[in-house]
file data.txt (compact mmCIF, C-alpha atoms and all ligand atoms)
# COMPACT_ATOMS: atom_id res chain seq x y z
CA MET A 1 1.94 -11.49 9.51
CA ARG A 2 0.24 -13.60 6.94
CA TRP A 3 1.43 -11.55 4.00
CA SER A 4 3.21 -13.76 1.55
CA ARG A 5 4.72 -10.71 -0.10
CA ARG A 6 8.00 -9.11 0.85
CA ARG A 7 7.92 -7.51 4.22
CA PRO A 8 8.60 -3.79 4.01
CA ALA A 9 11.56 -2.44 5.92
CA PRO A 10 11.12 0.65 8.09
CA LEU A 11 11.06 3.78 5.98
CA PRO A 12 13.84 6.36 5.92
CA ASP A 13 12.95 9.92 6.90
CA THR A 14 12.28 10.86 3.28
CA PRO A 15 10.94 7.73 1.57
CA SER A 16 11.04 7.50 -2.20
CA CYS A 17 7.97 6.79 -4.31
CA GLU A 18 9.13 3.22 -4.65
CA GLN A 19 9.44 2.80 -0.90
CA VAL A 20 6.05 4.35 -0.31
CA GLY A 21 4.53 2.07 -2.95
CA ALA A 22 6.04 -0.96 -1.25
CA VAL A 23 4.24 -0.25 2.03
CA LEU A 24 1.09 1.27 0.57
CA GLN A 25 -1.10 -1.76 1.15
CA GLY A 26 0.08 -2.11 4.72
CA TYR A 27 -0.60 1.58 5.19
CA LEU A 28 -4.13 1.29 3.86
CA ASP A 29 -4.74 -1.74 6.03
CA GLY A 30 -3.49 0.12 9.09
CA GLU A 31 -0.63 -2.29 9.58
CA LEU A 32 2.19 0.23 9.61
CA GLY A 33 3.67 1.64 12.75
CA PRO A 34 2.67 5.21 13.62
CA ARG A 35 5.97 6.64 12.36
CA ASP A 36 5.83 4.93 8.98
CA ALA A 37 2.14 5.74 8.59
CA GLU A 38 2.91 9.38 9.18
CA LEU A 39 5.75 9.37 6.65
CA VAL A 40 3.49 7.78 4.05
CA ALA A 41 0.67 10.24 4.74
CA GLU A 42 3.12 13.10 4.39
CA HIS A 43 4.49 11.75 1.12
CA LEU A 44 0.99 11.29 -0.28
CA GLN A 45 0.20 14.91 0.45
CA HIS A 46 2.83 16.23 -1.91
CA CYS A 47 3.15 13.41 -4.43
CA ASP A 48 0.41 13.21 -7.03
CA ARG A 49 1.49 9.90 -8.43
CA CYS A 50 1.52 8.10 -5.11
CA SER A 51 -1.70 9.69 -3.92
CA ILE A 52 -3.43 8.51 -7.09
CA GLU A 53 -2.05 5.04 -6.55
CA ALA A 54 -3.12 5.10 -2.91
CA GLU A 55 -6.59 6.15 -3.90
CA THR A 56 -6.85 3.43 -6.51
CA VAL A 57 -5.55 0.70 -4.24
CA GLY A 58 -7.65 2.02 -1.36
CA ARG A 59 -10.82 1.88 -3.39
CA VAL A 60 -10.28 -1.71 -4.40
CA VAL A 61 -9.36 -2.74 -0.88
CA GLU A 62 -12.45 -0.99 0.46
CA ALA A 63 -14.65 -2.57 -2.18
CA ILE A 64 -13.28 -5.99 -1.37
CA LYS A 65 -13.80 -5.47 2.35
CA ARG A 66 -17.31 -4.17 1.88
CA GLN A 67 -18.41 -6.98 -0.33
CA ARG A 68 -16.57 -9.72 1.47
CA PRO A 69 -15.87 -8.79 5.06
CA ASP A 70 -15.29 -12.48 5.77
CA LEU A 71 -12.64 -12.79 3.11
CA ALA A 72 -9.55 -14.54 4.39
CA PRO A 73 -6.59 -12.18 4.72
CA ASP A 74 -4.43 -14.24 2.40
CA VAL A 75 -7.11 -14.16 -0.29
CA ARG A 76 -7.44 -10.43 0.08
CA ALA A 77 -3.67 -10.08 -0.06
CA ARG A 78 -3.63 -12.02 -3.29
CA LEU A 79 -6.34 -9.84 -4.81
CA THR A 80 -4.70 -6.61 -3.77
CA GLY A 81 -1.35 -8.01 -4.85
CA MET A 82 -2.74 -8.18 -8.35
CA LEU A 83 -2.96 -4.41 -8.19
CA ASP A 84 0.79 -4.21 -8.04
CA GLU A 85 0.87 -5.57 -11.54
CA LEU A 86 -1.76 -3.10 -12.73
CA VAL A 87 0.06 -0.18 -11.18
CA PRO A 88 3.68 -0.45 -12.28
CA PRO A 89 6.29 0.42 -9.68
CA ASP A 90 8.42 3.49 -9.87
CA ASP A 91 10.75 3.28 -12.84
CA ASP A 92 13.17 6.10 -12.13
CA ARG A 93 15.92 3.81 -11.02
ZN ZN B 1 5.52 9.45 -4.54
call {"tool": "encode", "arguments": {"input": "data.txt", "output": "structure tokens", "more": "lines below"}}
Ligand SMILES: [Zn+2]
result
Amino acid sequence: MRWSRRRPAPLPDTPSCEQVGAVLQGYLDGELGPRDAELVAEHLQHCDRCSIEAETVGRVVEAIKRQRPDLAPDVRARLTGMLDELVPPDDDR
């Protein structure tokens, strides 16, 4: 893993929005295990907020990949990491 960000722990059976948000980028990049990917997909199906976030992050990631397929993973991680600041994390703690 070249991600400089925190490494997500395996998800519980019913992940919270915050937990889903923490692994969203890995999910979109296909880096999650099959179980976690399924849990995230399931959560996105019934959670509007997370599905909107996933769509937003996904679009940017896709745009970056399309325009710069040769972009180094750490550069891409930094760009997508900036999204975390644009999309505030869950605040129902
Ligand atoms: Zn959610």
call {"tool": "closest_residue", "arguments": {"input": "data.txt", "among": "A:Val20, A:Ala37, A:Ala54, A:Ala63", "to": "ligand ZN 1 (chain B)", "atoms": "only C-alpha atoms and all ligand atoms"}}
result
A:Val20
call {"tool": "closest_residue", "arguments": {"input": "data.txt", "among": "A:Ala41, A:Leu71, A:Ile52, A:Val60", "to": "Tyr27 of chain A", "atoms": "only C-alpha atoms"}}
result
A:Ala41
call {"tool": "residues_near_ligand", "arguments": {"input": "data.txt", "ligand": "ligand ZN 1 (chain B)", "cutoff": "6 Å", "atoms": "all atoms listed in the file", "output": "list in words"}}
result
Cys17, Cys47, Arg49 and Cys50 of chain A
call {"tool": "write_last_selection", "arguments": {"input": "data.txt", "atoms": "C-alpha atoms", "output": "compact mmCIF listing (two decimals), keeping the file's coordinate frame"}}
result
# COMPACT_ATOMS: atom_id res chain seq x y z
CA CYS A 17 7.97 6.79 -4.31
CA CYS A 47 3.15 13.41 -4.43
CA ARG A 49 1.49 9.90 -8.43
CA CYS A 50 1.52 8.10 -5.11
call {"tool": "closest_residue", "arguments": {"input": "data.txt", "among": "A:Gly30, A:His43, A:Ala72, A:Glu38", "to": "Ser16 of chain A", "atoms": "only C-alpha atoms"}}
result
A:His43
call {"tool": "closest_residue", "arguments": {"input": "data.txt", "among": "A:Met82, A:Ala22, A:Val75, A:Leu28", "to": "Val61 of chain A", "atoms": "all atoms listed in the file"}}
result
A:Leu28
call {"tool": "residues_around", "arguments": {"input": "data.txt", "residues": "Arg35 of chain A", "least_positions_apart": "5", "cutoff": "10 Å", "atoms": "only C-alpha atoms", "output": "VMD selection string"}}
result
chain A and resid 10 to 11 13 40 to 41
call {"tool": "atom_distance", "arguments": {"input": "data.txt", "atom1": "atom CA of Arg78 of chain A", "atom2": "atom CA of Pro15 of chain A"}}
result
25.0 Å
call {"tool": "atom_distance", "arguments": {"input": "data.txt", "atom1": "atom CA of Gly81 of chain A", "atom2": "atom CA of Gly33 of chain A"}}
result
20.7 Å
